[in-house]
file run.txt (compact mmCIF, C-alpha atoms and all ligand atoms)
# COMPACT_ATOMS: atom_id res chain seq x y z
CA MET A 1 29.91 100.24 144.85
CA HIS A 2 28.21 97.04 145.92
CA TYR A 3 26.65 94.48 143.57
CA THR A 4 24.46 91.53 144.45
CA SER A 5 26.92 89.02 143.02
CA LEU A 6 30.48 88.69 141.79
CA LEU A 7 32.22 86.66 139.10
CA GLU A 8 35.79 85.61 139.81
CA VAL A 9 37.89 84.62 136.81
CA SER A 10 40.97 82.48 137.39
CA ALA A 11 44.08 83.44 135.43
CA GLY A 12 45.88 80.28 136.61
CA SER A 13 43.18 77.99 135.27
CA TYR A 14 43.27 79.81 131.93
CA ALA A 15 47.03 79.34 131.69
CA GLN A 16 46.58 75.61 132.37
CA ASN A 17 43.93 75.32 129.65
CA ILE A 18 46.20 77.05 127.15
CA GLU A 19 49.05 74.72 128.11
CA PHE A 20 46.81 71.72 127.48
CA LEU A 21 45.61 73.10 124.14
CA LYS A 22 49.19 73.82 123.10
CA SER A 23 50.07 70.21 123.87
CA ARG A 24 47.50 69.26 121.23
CA ILE A 25 48.79 71.48 118.42
CA SER A 26 52.15 72.00 116.77
CA PRO A 27 54.36 74.89 117.92
CA HIS A 28 53.75 76.47 114.50
CA THR A 29 50.02 76.76 115.07
CA GLN A 30 48.93 79.96 116.75
CA ILE A 31 45.96 80.17 119.11
CA SER A 32 43.44 82.92 118.53
CA ALA A 33 41.42 83.52 121.70
CA VAL A 34 37.74 83.85 120.77
CA VAL A 35 36.27 86.53 123.03
CA LYS A 36 32.85 87.06 121.45
CA GLY A 37 29.79 87.19 123.69
CA ASN A 38 31.67 89.24 126.30
CA ALA A 39 34.35 86.52 126.28
CA TYR A 40 31.72 83.83 126.85
CA GLY A 41 30.48 85.86 129.79
CA HIS A 42 33.91 86.14 131.44
CA GLY A 43 34.37 89.82 130.55
CA ILE A 44 36.35 91.00 127.52
CA ALA A 45 38.68 93.36 129.37
CA GLN A 46 39.52 90.78 132.04
CA MET A 47 40.05 88.01 129.49
CA VAL A 48 42.31 90.12 127.27
CA GLU A 49 44.51 90.82 130.28
CA ILE A 50 44.55 87.17 131.36
CA ALA A 51 45.14 85.87 127.83
CA GLU A 52 47.96 88.29 127.03
CA ASN A 53 49.64 87.27 130.28
CA ALA A 54 49.33 83.66 129.10
CA GLY A 55 51.09 84.57 125.86
CA ILE A 56 48.06 84.95 123.56
CA ARG A 57 48.58 87.56 120.83
CA HIS A 58 45.50 87.07 118.65
CA PHE A 59 41.86 87.76 119.48
CA SER A 60 38.70 86.93 117.55
CA THR A 61 35.43 88.74 118.08
CA PHE A 62 32.04 88.52 116.43
CA SER A 63 31.43 92.25 116.06
CA SER A 64 33.15 95.60 115.82
CA ASP A 65 31.97 96.76 119.27
CA GLU A 66 33.72 93.75 120.80
CA ALA A 67 36.83 94.45 118.73
CA ARG A 68 36.95 97.98 120.14
CA LYS A 69 36.78 96.57 123.67
CA VAL A 70 39.70 94.26 122.93
CA ARG A 71 41.63 97.19 121.49
CA ALA A 72 40.99 99.27 124.60
CA ALA A 73 42.10 96.44 126.90
CA LYS A 74 45.17 95.10 125.11
CA LYS A 75 48.63 96.03 126.27
CA GLN A 76 50.62 94.00 123.72
CA GLU A 77 50.90 94.07 119.94
CA SER A 78 48.01 91.63 119.72
CA GLU A 79 46.03 91.18 116.52
CA ILE A 80 42.27 91.62 116.48
CA MET A 81 39.96 89.90 114.00
CA ILE A 82 36.22 90.48 113.51
CA MET A 83 34.51 87.29 112.30
CA GLY A 84 31.01 88.70 111.92
CA MET A 85 29.23 92.03 112.07
CA LEU A 86 30.56 95.46 111.27
CA TYR A 87 28.94 98.48 109.63
CA PRO A 88 30.33 99.69 106.29
CA GLU A 89 30.68 103.23 107.66
CA GLU A 90 33.09 101.92 110.32
CA LEU A 91 35.46 100.41 107.76
CA PRO A 92 37.81 103.40 107.40
CA GLU A 93 38.27 103.58 111.18
CA LEU A 94 38.76 99.81 111.52
CA ILE A 95 41.36 99.80 108.74
CA VAL A 96 43.30 102.66 110.30
CA GLN A 97 43.20 100.88 113.65
CA ASP A 98 44.72 97.73 112.10
CA ILE A 99 41.63 95.71 112.96
CA GLN A 100 41.28 92.70 110.68
CA PHE A 101 37.93 91.41 109.52
CA TYR A 102 36.24 88.62 107.63
CA VAL A 103 35.08 89.22 104.09
CA PHE A 104 32.40 86.72 103.10
CA ASP A 105 30.48 88.51 100.34
CA PHE A 106 31.00 91.05 97.58
CA TYR A 107 29.09 93.75 99.46
CA ARG A 108 31.70 93.82 102.19
CA LEU A 109 34.62 93.22 99.85
CA GLU A 110 33.73 96.20 97.67
CA ARG A 111 33.20 98.49 100.63
CA ALA A 112 36.47 97.37 102.18
CA ILE A 113 38.32 98.26 98.96
CA GLN A 114 36.57 101.64 98.81
CA ALA A 115 37.44 102.38 102.43
CA ALA A 116 41.06 101.29 101.91
CA LYS A 117 41.38 103.67 98.97
CA MET A 118 39.82 106.45 101.01
CA VAL A 119 42.20 106.16 103.97
CA GLY A 120 45.20 105.24 101.85
CA GLN A 121 45.93 102.09 103.80
CA PRO A 122 45.15 98.49 102.79
CA ALA A 123 42.36 96.56 104.49
CA GLN A 124 43.52 93.45 106.34
CA ILE A 125 41.03 90.80 105.35
CA HIS A 126 40.27 87.17 106.00
CA VAL A 127 38.43 85.59 103.09
CA GLU A 128 35.80 83.18 104.38
CA VAL A 129 34.70 80.41 102.06
CA GLU A 130 31.54 78.33 102.14
CA THR A 131 32.27 74.67 102.80
CA GLY A 132 28.96 73.52 104.25
CA PHE A 133 28.08 75.57 107.33
CA HIS A 134 25.77 77.70 105.19
CA ARG A 135 25.84 80.88 107.20
CA THR A 136 28.52 83.07 105.66
CA GLY A 137 31.29 82.53 103.10
CA PHE A 138 31.93 82.77 99.36
CA GLU A 139 30.40 79.92 97.38
CA LYS A 140 32.73 78.01 95.09
CA GLY A 141 30.74 79.16 92.08
CA LEU A 142 31.68 82.76 92.88
CA LEU A 143 35.42 82.19 92.59
CA PRO A 144 35.58 83.29 88.94
CA GLN A 145 34.21 86.66 90.08
CA LEU A 146 36.19 86.81 93.31
CA ILE A 147 39.64 86.01 91.91
CA PRO A 148 39.92 89.03 89.57
CA VAL A 149 38.75 91.40 92.33
CA LEU A 150 41.43 90.08 94.69
CA LYS A 151 44.08 90.33 91.95
CA GLU A 152 43.14 93.79 90.77
CA ASN A 153 43.14 95.23 94.28
CA ARG A 154 46.37 93.79 95.64
CA GLU A 155 47.55 97.21 96.81
CA HIS A 156 44.33 97.80 98.77
CA LEU A 157 44.09 94.40 100.43
CA VAL A 158 46.34 92.45 102.77
CA LEU A 159 45.25 88.84 102.50
CA LYS A 160 45.69 87.95 106.17
CA GLY A 161 43.79 84.72 106.07
CA ILE A 162 41.62 82.18 104.35
CA CYS A 163 39.09 80.51 106.58
CA THR A 164 35.91 78.55 107.07
CA HIS A 165 33.87 77.29 110.02
CA TYR A 166 32.75 73.73 110.73
CA ALA A 167 29.15 72.81 111.30
CA GLY A 168 29.23 70.96 114.60
CA ALA A 169 32.57 69.18 115.02
CA GLU A 170 31.55 68.53 118.66
CA SER A 171 29.10 65.74 117.73
CA SER A 172 30.06 62.58 115.88
CA VAL A 173 26.72 62.52 114.01
CA ASN A 174 28.11 65.50 112.06
CA HIS A 175 31.52 64.04 111.38
CA ASP A 176 30.84 62.98 107.78
CA ARG A 177 29.71 66.53 107.11
CA ILE A 178 32.90 67.88 108.72
CA ARG A 179 35.09 65.61 106.56
CA GLU A 180 33.29 66.87 103.50
CA GLN A 181 33.97 70.44 104.63
CA ILE A 182 37.66 69.66 105.12
CA ASN A 183 37.86 68.38 101.54
CA LYS A 184 35.93 71.30 100.09
CA PHE A 185 38.22 73.73 101.89
CA LYS A 186 41.26 72.04 100.32
CA GLU A 187 39.70 72.52 96.88
CA PHE A 188 39.23 76.23 97.53
CA LYS A 189 42.85 76.62 98.55
CA LYS A 190 44.07 74.69 95.54
CA ILE A 191 42.09 76.84 93.12
CA LEU A 192 43.22 80.10 94.75
CA GLU A 193 46.86 79.04 94.95
CA GLY A 194 46.64 77.95 91.32
CA GLU A 195 45.76 81.57 90.62
CA LYS A 196 48.77 82.68 92.68
CA ILE A 197 46.55 84.10 95.40
CA TYR A 198 48.24 83.36 98.71
CA PHE A 199 47.11 84.11 102.23
CA GLU A 200 49.30 84.75 105.27
CA ARG A 201 47.39 82.19 107.31
CA THR A 202 44.93 79.39 106.99
CA HIS A 203 42.52 78.88 109.89
CA THR A 204 39.40 76.76 110.18
CA ALA A 205 39.27 75.02 113.56
CA CYS A 206 37.17 75.87 116.62
CA SER A 207 37.71 74.04 119.95
CA ALA A 208 36.01 70.80 118.91
CA ALA A 209 37.77 70.60 115.54
CA THR A 210 41.10 71.40 117.22
CA LEU A 211 40.61 68.56 119.70
CA LEU A 212 39.06 65.99 117.35
CA PHE A 213 40.43 66.76 113.88
CA PRO A 214 44.18 67.49 114.06
CA GLU A 215 44.29 67.79 110.27
CA THR A 216 42.33 71.07 110.59
CA HIS A 217 44.96 72.90 112.67
CA ALA A 218 46.82 74.74 109.88
CA ASP A 219 48.45 78.05 110.92
CA MET A 220 45.96 79.10 113.54
CA VAL A 221 43.08 77.68 115.58
CA ARG A 222 40.21 79.80 116.90
CA ILE A 223 39.57 78.63 120.42
CA GLY A 224 36.63 79.69 122.52
CA ILE A 225 34.89 77.28 124.87
CA ALA A 226 37.89 75.02 125.66
CA SER A 227 40.02 77.97 126.79
CA TYR A 228 37.31 78.79 129.33
CA GLY A 229 37.63 75.25 130.65
CA PHE A 230 34.71 73.44 129.05
CA TRP A 231 34.52 70.56 126.61
CA PRO A 232 32.43 71.66 123.61
CA THR A 233 30.13 68.73 124.42
CA GLN A 234 30.24 65.74 126.73
CA GLU A 235 30.73 63.66 123.59
CA THR A 236 33.92 65.53 122.67
CA PHE A 237 35.30 64.49 126.04
CA SER A 238 34.23 60.86 125.58
CA LEU A 239 35.83 60.72 122.14
CA LEU A 240 39.09 62.15 123.52
CA LYS A 241 39.28 60.46 126.87
CA HIS A 242 41.53 57.60 125.73
CA THR A 243 44.13 60.12 124.55
CA LEU A 244 44.38 61.93 127.88
CA GLU A 245 47.19 61.22 130.29
CA LYS A 246 46.17 58.90 133.11
CA GLU A 247 47.26 61.37 135.77
CA ASN A 248 45.41 64.24 134.12
CA GLN A 249 41.99 63.01 133.07
CA ASN A 250 40.40 66.42 133.31
CA PRO A 251 42.90 68.89 131.87
CA LEU A 252 40.38 71.68 131.28
CA LYS A 253 39.74 73.89 134.29
CA ARG A 254 36.77 76.18 134.82
CA LEU A 255 37.86 79.81 135.24
CA ILE A 256 34.67 81.17 136.60
CA THR A 257 33.24 81.25 140.12
CA TRP A 258 29.93 82.99 140.66
CA LYS A 259 29.13 84.03 144.18
CA SER A 260 26.61 86.05 146.11
CA GLU A 261 25.72 86.28 149.77
CA ILE A 262 22.81 85.77 152.12
CA MET A 263 20.56 88.83 152.27
CA SER A 264 17.98 87.69 154.81
CA PHE A 265 16.24 84.72 156.46
CA LYS A 266 12.70 83.37 156.65
CA LYS A 267 11.09 80.65 158.73
CA VAL A 268 8.25 78.86 156.97
CA ALA A 269 5.79 76.59 158.76
CA LYS A 270 4.78 73.21 157.35
CA GLY A 271 1.95 73.64 154.82
CA GLU A 272 2.82 77.24 153.81
CA PHE A 273 3.50 78.17 150.19
CA VAL A 274 6.78 79.89 149.38
CA GLY A 275 7.14 82.73 146.86
CA TYR A 276 4.84 83.52 143.95
CA GLY A 277 2.07 81.02 143.25
CA MET A 278 1.85 77.55 144.64
CA SER A 279 4.82 75.78 143.08
CA PHE A 280 6.28 74.97 146.49
CA CYS A 281 4.45 73.97 149.65
CA ALA A 282 6.63 73.39 152.73
CA PRO A 283 6.50 69.66 153.61
CA ARG A 284 7.82 70.48 157.10
CA ASP A 285 8.99 73.56 159.01
CA LEU A 286 11.80 75.16 157.00
CA ASN A 287 14.58 77.69 157.46
CA LEU A 288 15.14 79.62 154.26
CA ALA A 289 17.87 82.03 153.22
CA ILE A 290 17.07 84.75 150.71
CA VAL A 291 19.82 85.34 148.13
CA PRO A 292 19.74 88.53 146.02
CA ILE A 293 20.13 86.83 142.65
CA GLY A 294 17.45 86.19 140.06
CA TYR A 295 16.67 85.85 136.39
CA SER A 296 17.64 89.45 135.70
CA HIS A 297 21.15 88.43 136.78
CA GLY A 298 21.24 85.36 134.55
CA TYR A 299 20.01 82.90 137.19
CA GLY A 300 17.34 81.34 134.98
CA ARG A 301 13.70 81.10 136.00
CA ASN A 302 13.74 77.45 134.98
CA LEU A 303 15.96 76.82 138.00
CA SER A 304 12.82 77.31 140.11
CA ASN A 305 12.57 74.32 142.46
CA GLN A 306 15.55 72.84 140.52
CA GLY A 307 18.74 74.77 141.16
CA GLN A 308 21.15 74.34 144.04
CA VAL A 309 23.64 76.64 145.70
CA LEU A 310 26.46 76.01 148.18
CA ILE A 311 26.46 77.55 151.65
CA GLN A 312 28.90 76.37 154.35
CA GLY A 313 30.07 73.80 151.82
CA GLN A 314 26.63 72.16 151.71
CA PHE A 315 24.15 71.90 148.83
CA CYS A 316 21.03 74.00 149.43
CA PRO A 317 18.09 73.58 147.04
CA VAL A 318 16.24 76.50 145.48
CA ILE A 319 12.76 76.66 146.96
CA GLY A 320 9.85 78.01 144.89
CA THR A 321 10.21 80.27 141.88
CA VAL A 322 13.30 82.21 140.85
CA ASN A 323 12.24 85.86 140.97
CA MET A 324 13.64 88.73 138.96
CA ASN A 325 16.13 89.60 141.71
CA ALA A 326 15.99 86.92 144.40
CA ILE A 327 15.79 83.25 145.26
CA ALA A 328 14.96 81.39 148.46
CA VAL A 329 17.12 78.40 149.37
CA ASP A 330 16.58 75.76 152.04
CA ILE A 331 19.15 75.99 154.84
CA SER A 332 17.27 73.87 157.39
CA HIS A 333 20.16 71.36 157.45
CA LEU A 334 22.85 73.99 158.17
CA GLU A 335 24.32 75.43 161.36
CA ALA A 336 23.22 78.94 162.21
CA CYS A 337 23.87 81.17 159.17
CA LYS A 338 24.61 84.87 159.26
CA PRO A 339 23.63 87.61 156.83
CA GLY A 340 26.49 88.22 154.43
CA GLU A 341 27.56 84.60 154.44
CA GLU A 342 28.98 83.44 151.09
CA VAL A 343 26.66 81.71 148.62
CA ILE A 344 28.22 79.87 145.67
CA LEU A 345 26.08 79.75 142.54
CA ILE A 346 28.83 78.25 140.37
CA GLY A 347 32.08 76.98 141.82
CA ASN A 348 33.64 75.13 144.74
CA GLN A 349 33.01 75.51 148.42
CA GLY A 350 34.44 73.01 150.88
CA GLU A 351 34.31 69.57 149.32
CA ASN A 352 31.47 70.33 146.96
CA GLU A 353 31.16 71.92 143.56
CA ILE A 354 28.42 73.37 141.41
CA THR A 355 29.57 73.05 137.82
CA VAL A 356 28.37 75.12 134.90
CA ALA A 357 27.31 71.84 133.28
CA SER A 358 25.05 70.86 136.18
CA PHE A 359 23.71 74.36 136.22
CA ALA A 360 23.23 74.42 132.45
CA GLU A 361 21.63 70.98 132.35
CA THR A 362 19.03 71.85 134.94
CA SER A 363 18.26 75.02 133.08
CA HIS A 364 18.32 73.25 129.67
CA LEU A 365 21.06 75.50 128.36
CA VAL A 366 24.33 74.50 126.88
CA ASN A 367 27.44 75.91 128.56
CA TYR A 368 27.91 78.46 125.78
CA GLU A 369 24.46 79.94 126.25
CA MET A 370 24.46 79.95 130.04
CA LEU A 371 27.86 81.68 130.17
CA SER A 372 27.18 84.29 127.53
CA ARG A 373 23.92 85.25 129.21
CA LEU A 374 25.69 86.34 132.40
CA PRO A 375 24.93 90.07 132.42
CA SER A 376 27.89 92.32 131.72
CA GLU A 377 26.93 94.45 134.74
CA ILE A 378 28.07 91.78 137.19
CA PRO A 379 31.61 92.72 138.22
CA ARG A 380 34.37 90.36 137.06
CA ARG A 381 37.42 90.06 139.26
CA VAL A 382 40.61 88.41 138.08
CA VAL A 383 42.05 85.99 140.66
CA ASP A 384 45.07 83.63 140.60
C1 LIG B 401 32.57 80.95 118.14
C2 LIG B 401 33.49 80.66 117.04
C3 LIG B 401 34.65 79.92 117.26
C4 LIG B 401 35.01 79.31 118.61
O1 LIG B 401 34.17 78.20 118.88
P1 LIG B 401 34.39 77.30 120.19
O2 LIG B 401 33.53 76.11 119.97
O3 LIG B 401 33.90 78.10 121.34
O4 LIG B 401 35.83 77.01 120.28
C5 LIG B 401 35.51 79.74 116.17
N1 LIG B 401 35.21 80.25 114.96
C6 LIG B 401 34.10 80.96 114.72
C7 LIG B 401 33.85 81.49 113.35
C8 LIG B 401 33.20 81.18 115.74
O5 LIG B 401 32.09 81.86 115.50
call {"tool": "encode", "arguments": {"input": "run.txt", "output": "structure tokens"}}
result
Amino acid sequence: MHYTSLLEVSAGSYAQNIEFLKSRISPHTQISAVVKGNAYGHGIAQMVEIAENAGIRHFSTFSSDEARKVRAAKKQESEIMIMGMLYPEELPELIVQDIQFYVFDFYRLERAIQAAKMVGQPAQIHVEVETGFHRTGFEKGLLPQLIPVLKENREHLVLKGICTHYAGAESSVNHDRIREQINKFKEFKKILEGEKIYFERTHTACSAATLLFPETHADMVRIGIASYGFWPTQETFSLLKHTLEKENQNPLKRLITWKSEIMSFKKVAKGEFVGYGMSFCAPRDLNLAIVPIGYSHGYGRNLSNQGQVLIQGQFCPVIGTVNMNAIAVDISHLEACKPGEEVILIGNQGENEITVASFAETSHLVNYEMLSRLPSEIPRRVVD
């Protein structure tokens, strides 16, 4: 079947990113590959394959549907951990399938214990504690209630982990808040260990915390954006730059290339308007190429008159509005083009590159959002 665009995902670049991340953590710290949001748009099935080949044996998802996709794709004895949403009625199945999950309130804890009793197998849980992110996690004041429940249900619970999440380690304006969270987390651990409640693993760090706060590494780090080849923010890179080797100033490599092809051509005379409305009036005679990609494919409407693509290694600006399924680009400066010629939306062609950052900046999205919005229908192909 044919699609109007294709996403290539580079296994080699992923392996390089993991090597770099490993160079930043101790050999005792495991990497959990965060594959929520369809693996940040890269495709869960493809990323599980790539990651397992790079030695990853732990995957973190937001929801149970994503966890099932990881389970279907994995070929190794990899662990799967749900950090967010699941439905109580799924708990028996998840427990039987050895899928681990966060417990951040009594509602889930009680249902997990019930389900464990029902299936006769303990639930593998990660207890999330509230240190300042204020989304999910047990408050410190709830420990007197939590501790007896954990003690009384030892046979129904495997305490796989204790965890928290930092509120914006990627920006230095938040760093006082992060330090406070680090201290609060230590207090939680001390209280629980004082009660002889021990967890197999401690894990708190996302990409930014892993790169900027080595003291957060513990037994495992949960890495999303950096494994896909992006700095969490430009600032993270600036803060780290002095620690990078001179010969390798950009150790994170983008995995993704997004390409389409030319569908058709149009000549427009000086003074004509192009596309819907009057946002673009040809200042001179123009040769346009029509590319079958639009906002329904994740090529944002705010790239109207803003975005650029690469054809024949040259930048070609988007002319007029981005439609639901198509854009027009100016190819007046190119040699004769043919239908079917490659169009790069994100990636390298010849000497030039369109980065996700440049793409995301023009469309006012951060990398995370731009990537995760790439529709799952676009085929993903694993390349070297
Ligand atoms: C998304 C997420 C991560 C990974 O964050 P990155 O910044 O992409 O590394 C880690 N932990 C939790 C709880 C998350 O939701």
call {"tool": "residues_around", "arguments": {"input": "run.txt", "residues": "Glu139 in chain A", "least_positions_apart": "2", "cutoff": "10 Å", "atoms": "all atoms listed in the file", "output": "ChimeraX atom specification"}}
result
/A:104-105,128-132,134,136-137,141-143,146,188
call {"tool": "closest_residue", "arguments": {"input": "run.txt", "among": "A:Gln76, A:Arg24, A:Gln306, A:Lys266", "to": "Ala209 in chain A", "atoms": "only C-alpha atoms"}}
result
A:Arg24
call {"tool": "residues_near_ligand", "arguments": {"input": "run.txt", "ligand": "ligand LIG 401 (chain B)", "cutoff": "8 Å", "atoms": "all atoms listed in the file", "output": "list in words"}}
result
Val34, Lys36, Ser60, Phe62, Met83, Gly84, Thr164, His165, Glu170, Thr204, Ala205, Cys206, Ser207, Ala208, Val221, Arg222, Ile223, Gly224, Ile225, Ala226, Ser227, Pro232 and Tyr368 of chain A
call {"tool": "atom_distance", "arguments": {"input": "run.txt", "atom1": "CA of Met81 in chain A", "atom2": "CA of Ile99 in chain A"}}
result
6.1 Å
call {"tool": "closest_residue", "arguments": {"input": "run.txt", "among": "A:Val9, A:Leu91, A:Ala360, A:Cys337", "to": "Phe265 in chain A", "atoms": "only C-alpha atoms"}}
result
A:Cys337
call {"tool": "closest_residue", "arguments": {"input": "run.txt", "among": "A:Met220, A:Val291, A:Leu150, A:Ala123", "to": "Asn323 in chain A", "atoms": "all atoms listed in the file"}}
result
A:Val291
call {"tool": "closest_residue", "arguments": {"input": "run.txt", "among": "A:Arg284, A:Val382, A:Leu244, A:Gln249", "to": "Ser23 in chain A", "atoms": "all atoms listed in the file"}}
result
A:Leu244
call {"tool": "atom_distance", "arguments": {"input": "run.txt", "atom1": "CA of Val158 in chain A", "atom2": "CA of His58 in chain A"}}
result
16.8 Å
call {"tool": "residues_around", "arguments": {"input": "run.txt", "residues": "Val70 in chain A", "least_positions_apart": "4", "cutoff": "12 Å", "atoms": "all atoms listed in the file", "output": "MDAnalysis selection string"}}
result
chainID A and resid 33:36 38:39 43:49 51:52 57:66 74:82 97 99
call {"tool": "atom_distance", "arguments": {"input": "run.txt", "atom1": "CA of His297 in chain A", "atom2": "CA of Ala54 in chain A"}}
result
29.6 Å
